[in-house]
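J.: Quick one: the structure is below, questions incoming.
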Protein chains: 2
Amino acid sequence: MSNAETINSLGENESLKRTIARLNVSEHALVGPGDDSAVISAPDGRFVVTTDTLVEGHDFKLDWSSGYDLGWKAVASNIADVAAMGAVPTSLVVAVTAPGHTQISWLEAFADGLRDACTKLAPGCGVVGGDLAASEKVMISVAAHGSLEGREPVLRSGAQVGDLVAVAGTLGRAAAGLALLQSGNTDAISAYDDWVNVQLRPKPPIAAGVEAAVAGATSMLDLSDGLAKDAARIAKASAVTIQIDPLMLQGFEAVLEEAARAIDASESDWVIGGGEDHSLLATFPSDAQIPRAFKVIGVVLPAGAAPVMLGANALPEKGWDSVKG
Amino acid sequence: MSNAETINSLGENESLKRTIARLNVSEHALVGPGDDSAVISAPDGRFVVTTDTLVEGHDFKLDWSSGYDLGWKAVASNIADVAAMGAVPTSLVVAVTAPGHTQISWLEAFADGLRDACTKLAPGCGVVGGDLAASEKVMISVAAHGSLEGREPVLRSGAQVGDLVAVAGTLGRAAAGLALLQSGNTDAISAYDDWVNVQLRPKPPIAAGVEAAVAGATSMLDLSDGLAKDAARIAKASAVTIQIDPLMLQGFEAVLEEAARAIDASESDWVIGGGEDHSLLATFPSDAQIPRAFKVIGVVLPAGAAPVMLGANALPEKGWDSVKG
């Protein structure tokens with residue numbers, strides 16, 4: 001079992017067998033990995049499903065992200081989309097492509113990352129199926145499933161005029177981490193490794209999704225492409241304007257100020273335009289008991305000149321496009 | 001709307017919008033594409049899920065397969081895994097990566113292929129979510145879901161000594177099509193385009209999966225890697241030996257004989273070792289009323305010298321490995 005074993009020398013079956021052996025078992029799997037399909041419990045007669053892909057060179061660099069990091073991030077970014085419906089993540093299927101010379105130890109670390117993200121972010125959830133294929137580049141495609149436990153899904157389209165706008169989780173930290181890595185400034189990377197770690201292994205507030213649904217959230221999504229762009233998605237789907245109070249963003253900015261100064265960047269750009277924190281943005285009726293995980297940052301107004309306002313100013317929809325970059 | 005529009009010039013949102021507009025609606029979707037997740041009906045409180053990936057240069061060549069072909073094949077190969085559990089395909093999520101210079105017309109044709117494969121092979125099934133990202137190579141990763149409609153899933157592990165072994169669908173035609181394309185013999189490719197079309201747009205017998213389950217099939221899988229290799233999977237999972245009667249394969253071989261002669265290949269190798277027909281291999285109790293879609297090709301014996309026998313001879317597990325090729 002030397003480290004020099006590659007997925008090409010082992011083949012698909014043996015490589016998958018070694019990987020699957022490291023995974024946790026989904027509590028919701030009636031039939032787990034190994035057959036043509038898995039069978040998953042859906043006790044309320046429905047399931048939610050989402051898919052997202054990470055592409056080497058576009059979404060990550062192998063110099064920056066370990067196999068473990070990528071397994072973690074693939075889970076975190078997908079189950080955040082499940083949580084954003086107000087659902088509990090139950091199961092994932094994971095397709096990986098990698099060059100044939102990839103060491104099996106890399107794939108095993110990837111599996112460890114999948115397992116740990118499941119057990120720490122969404123206990124009970126697990127990988128129930130996978131696929132491994134050869135390719136020049138590493139690519140990770142996940143489909144994640146969840147249970148609404150009898151509740152109605154929280155869509156993007158339900159925000160009502162007069163609602164409060166609130167966020168659970170961090171803003172701008174993943175973008176700060178990316179900017180630090182891109183700066184190549186090793187002192188800064190080491191000094192602000194907390195933000196680098198958010199970029200490499202985001203920790204979305206998964207349980208807050210259910211809490212928001214139970215509290216009566218009228219709309220919700222996960223912040224994958226940045227506050228400006230994602231808030232505009234709710235605003236457009238709900239035919240409203242979202243007004244964010246710049247004072248309410250100061251706390252998010254303050255913690256990033258030092259790191260921004262170290263690499264001559266703008267903490268405000270990170271907070272407003274930075275994606276990949278996978279935090280949850282939701283709207284609540286003004287009389288709702290908003291869960292403690294959420295911080296109010298704005299209000300819902302009748303549709304006006306722009307989908308999103310920062311105080312009195314229209315906020316341009318800056319953010320990440322997974323095709324254009 | 002010229003053909004020169006690329007996915008890079010349009011961006012992810014607009015490209016996805018144009019693609020989704022061409023899809024059919026899943027009859028089982030309670031919430032369709034466009035939110036963080038879709039919500040799918042699972043009336044018996046369970047769902048089946050499988051995932052499979054097609055990689056440019058490994059699983060297909062863009063010179064041979066059109067966007068339409070690839071959309072079709074991505075659906076067909078995945079819903080065959082759902083059918084092989086005895087389930088009805090209900091919904092798919094599709095992740096695609098492609099170079100930024102890819103024309104939107106290619107992506108639209110891909111969507112047409114997804115739609116037509118759903119409506120023709122599994123009416124009621126549809127694409128409920130997707131993801132589009134930039135990458136050097138085209139890669140298509142699908143997760144497919146199905147409903148067992150209250151039945152028990154048909155696993156690989158249930159074959160019993162004395163069962164009959166039967167196949168629904170074609171054997172060797174997809175391999176013949178691949179060999180014809182690889183031969184570069186344009187006369188032969190044109191003369192035997194029926195087999196080329198099975199390679200490019202396989203038509204697995206999806207409804208036969210439910211029929212087999214209803215008829216009491218004890219085990220089943222879809223033939224993606226070839227009869228020899230896939231029969232061995234049932235044999236090993238069920239701890240039995242599968243004995244295939246070479247006489248029962250003669251009909252499958254006879255239709256391919258001319259094409260094999262034209263390019264100096266072996267029709268018998270195609271039938272025994274060729275994958276990608278995505279036909280269904282199942283075992284039935286000897287007193288079962290075997291559905292008309294299935295042809296008996298062998299029997300289940302106590303575990304012997306080899307997992308699979310062809311008549312009196314052990315059959316080597318030749319076939320496709322998606323990492324080694």
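Each chain in the structure tokens gets a letter, A, B, ..., in the order shown, and its residues are numbered from 1; ligands are numbered from 1 in order too.
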Kindly determine which residues of chain B lie within 6 Å of chain A, considering only C-alpha atoms, and give the answer as a ChimeraX atom specification.

T.: /B:8,11-12,36-43,45-50,52,81,131,133-134,322-324

J.: Excluding B:Leu121 and its own-chain neighbours fewer than 3 positions away, which residues fall within 12 Å of it when counting only C-alpha atoms? Please give them as a PDB file with C-alpha atoms, in the first residue's frame.

T.:
```
ATOM      1  CA  TRP B  72     -29.296  11.984 -25.293  1.00  0.00           C
ATOM      2  CA  LYS B  73     -26.514   9.643 -24.157  1.00  0.00           C
ATOM      3  CA  VAL B  75     -29.766  10.784 -20.034  1.00  0.00           C
ATOM      4  CA  ALA B  76     -29.901   7.244 -21.436  1.00  0.00           C
ATOM      5  CA  SER B  77     -26.833   5.963 -19.578  1.00  0.00           C
ATOM      6  CA  ASN B  78     -28.039   7.359 -16.250  1.00  0.00           C
ATOM      7  CA  ILE B  79     -31.700   6.394 -16.356  1.00  0.00           C
ATOM      8  CA  ALA B  80     -30.637   2.844 -17.285  1.00  0.00           C
ATOM      9  CA  ALA B  83     -34.346   1.231 -14.398  1.00  0.00           C
ATOM     10  CA  VAL B  88     -39.290   4.647 -12.856  1.00  0.00           C
ATOM     11  CA  PRO B  89     -36.970   7.572 -13.734  1.00  0.00           C
ATOM     12  CA  THR B  90     -38.439  10.834 -12.435  1.00  0.00           C
ATOM     13  CA  GLY B 113     -30.960  15.788 -26.673  1.00  0.00           C
ATOM     14  CA  LEU B 114     -31.659  15.783 -22.925  1.00  0.00           C
ATOM     15  CA  ARG B 115     -35.316  16.582 -23.576  1.00  0.00           C
ATOM     16  CA  ASP B 116     -35.880  14.049 -26.342  1.00  0.00           C
ATOM     17  CA  ALA B 117     -34.192  11.209 -24.449  1.00  0.00           C
ATOM     18  CA  CYS B 118     -36.423  11.939 -21.450  1.00  0.00           C
ATOM     19  CA  GLY B 124     -42.696  12.098 -17.382  1.00  0.00           C
ATOM     20  CA  CYS B 125     -39.009  12.344 -16.461  1.00  0.00           C
ATOM     21  CA  GLY B 126     -37.244  15.686 -16.900  1.00  0.00           C
ATOM     22  CA  ARG B 201     -27.671   7.532 -28.890  1.00  0.00           C
ATOM     23  CA  PRO B 202     -28.284   4.287 -26.983  1.00  0.00           C
ATOM     24  CA  LYS B 203     -31.898   3.280 -26.387  1.00  0.00           C
ATOM     25  CA  PRO B 204     -31.953   1.233 -23.193  1.00  0.00           C
ATOM     26  CA  PRO B 205     -35.217  -0.640 -22.521  1.00  0.00           C
ATOM     27  CA  ILE B 206     -36.194   1.544 -19.559  1.00  0.00           C
ATOM     28  CA  ALA B 207     -39.743   0.240 -19.071  1.00  0.00           C
ATOM     29  CA  ALA B 208     -38.392  -3.334 -18.958  1.00  0.00           C
ATOM     30  CA  GLY B 209     -36.806  -2.507 -15.597  1.00  0.00           C
TER      31      GLY B 209
END
```

J.: List every residue of stretch 63-205 of chain B that DSSP, applied to the backbone of this structure, places in strand (DSSP E or B), and write the result as JSON, numbers by chain.

T.: {"B": [88, 89, 90, 91, 92, 93, 94, 95, 96, 97, 98, 103, 126, 127, 128, 129, 130, 131, 132, 133, 134, 139, 140, 141, 142, 143, 144, 145, 146, 147, 164, 165, 166, 167, 168]}

J.: Please provide the set of residues having any atom within 8 Å of A:Arg22, restricted to only C-alpha atoms, with same-chain residues fewer than 4 positions apart removed, written as a list in words.

T.: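 Here the answer would be Arg18, Glu108, Ala111, Asp112 and Arg115 of chain A.
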
J.: Do you have the atom CA of B:Asp230-atom CA of B:Ala166 distance handy?

T.: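 Going from atom CA of B:Asp230 over to atom CA of B:Ala166 covers 12.9 Å.
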
J.: Just want the 8 Å neighbourhood of B:Gly216, counted on only C-alpha atoms, with same-chain residues fewer than 5 positions away dropped. Output as a list in words.

T.: Phe284, Pro285 and Ala288 of chain B

J.: Those residues with C-alpha atoms, as a PDB file, in the first residue's frame please?

T.:
```pdb
ATOM      1  CA  PHE B 284     -35.622 -14.620 -12.559  1.00  0.00           C
ATOM      2  CA  PRO B 285     -36.903 -17.627 -10.628  1.00  0.00           C
ATOM      3  CA  ALA B 288     -41.418 -16.661 -13.164  1.00  0.00           C
TER       4      ALA B 288
END
```

J.: Could you give me, as a ChimeraX atom specification, the residues within 12 Å of B:Ala239, counting only C-alpha atoms and dropping anything in the same chain fewer than 5 positions from it?

T.: /B:156-161,231-234,300-308

J.: To one decimal place in Å, what is the distance between atom CA of B:Val198 and atom CA of B:Arg173?

T.: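 The value is 6.3 Å.
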
J.: Going by DSSP on the backbone, which residues of stretch 126-211 of chain A come out as alpha helix (DSSP H)? List them as a ChimeraX atom specification.

T.: /A:173-183,186-191,193-200,206-211

J.: Here is a test: counting only C-alpha atoms, which residue of B:Gly32, B:Val299, B:Leu70, B:Ile263 is nearest to B:Leu180?

T.: B:Ile263

J.: Point out the residue among B:Ala262, B:Ser105, B:Ala21, B:Glu27 with the least atom-to-atom distance to B:Thr6, counting only C-alpha atoms.

T.: B:Ser105

J.: Using only C-alpha atoms for the distances, tell me which of B:Ser66, B:Val210, B:Ala228, B:Arg292 is nearest to B:Gly275.

T.: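 Closest to B:Gly275, using only C-alpha atoms: B:Ala228.
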
J.: Taking only C-alpha atoms into account, which of B:Thr283, B:Thr119, B:Thr170, B:Ser183 comes nearest B:Ile244?

T.: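 For B:Ile244, the nearest of the candidates is B:Thr283.
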
J.: Report, in Å to a single decimal, how far apart atom CA of B:Gly226 and atom CA of B:Glu276 are.

T.: 7.3 Å
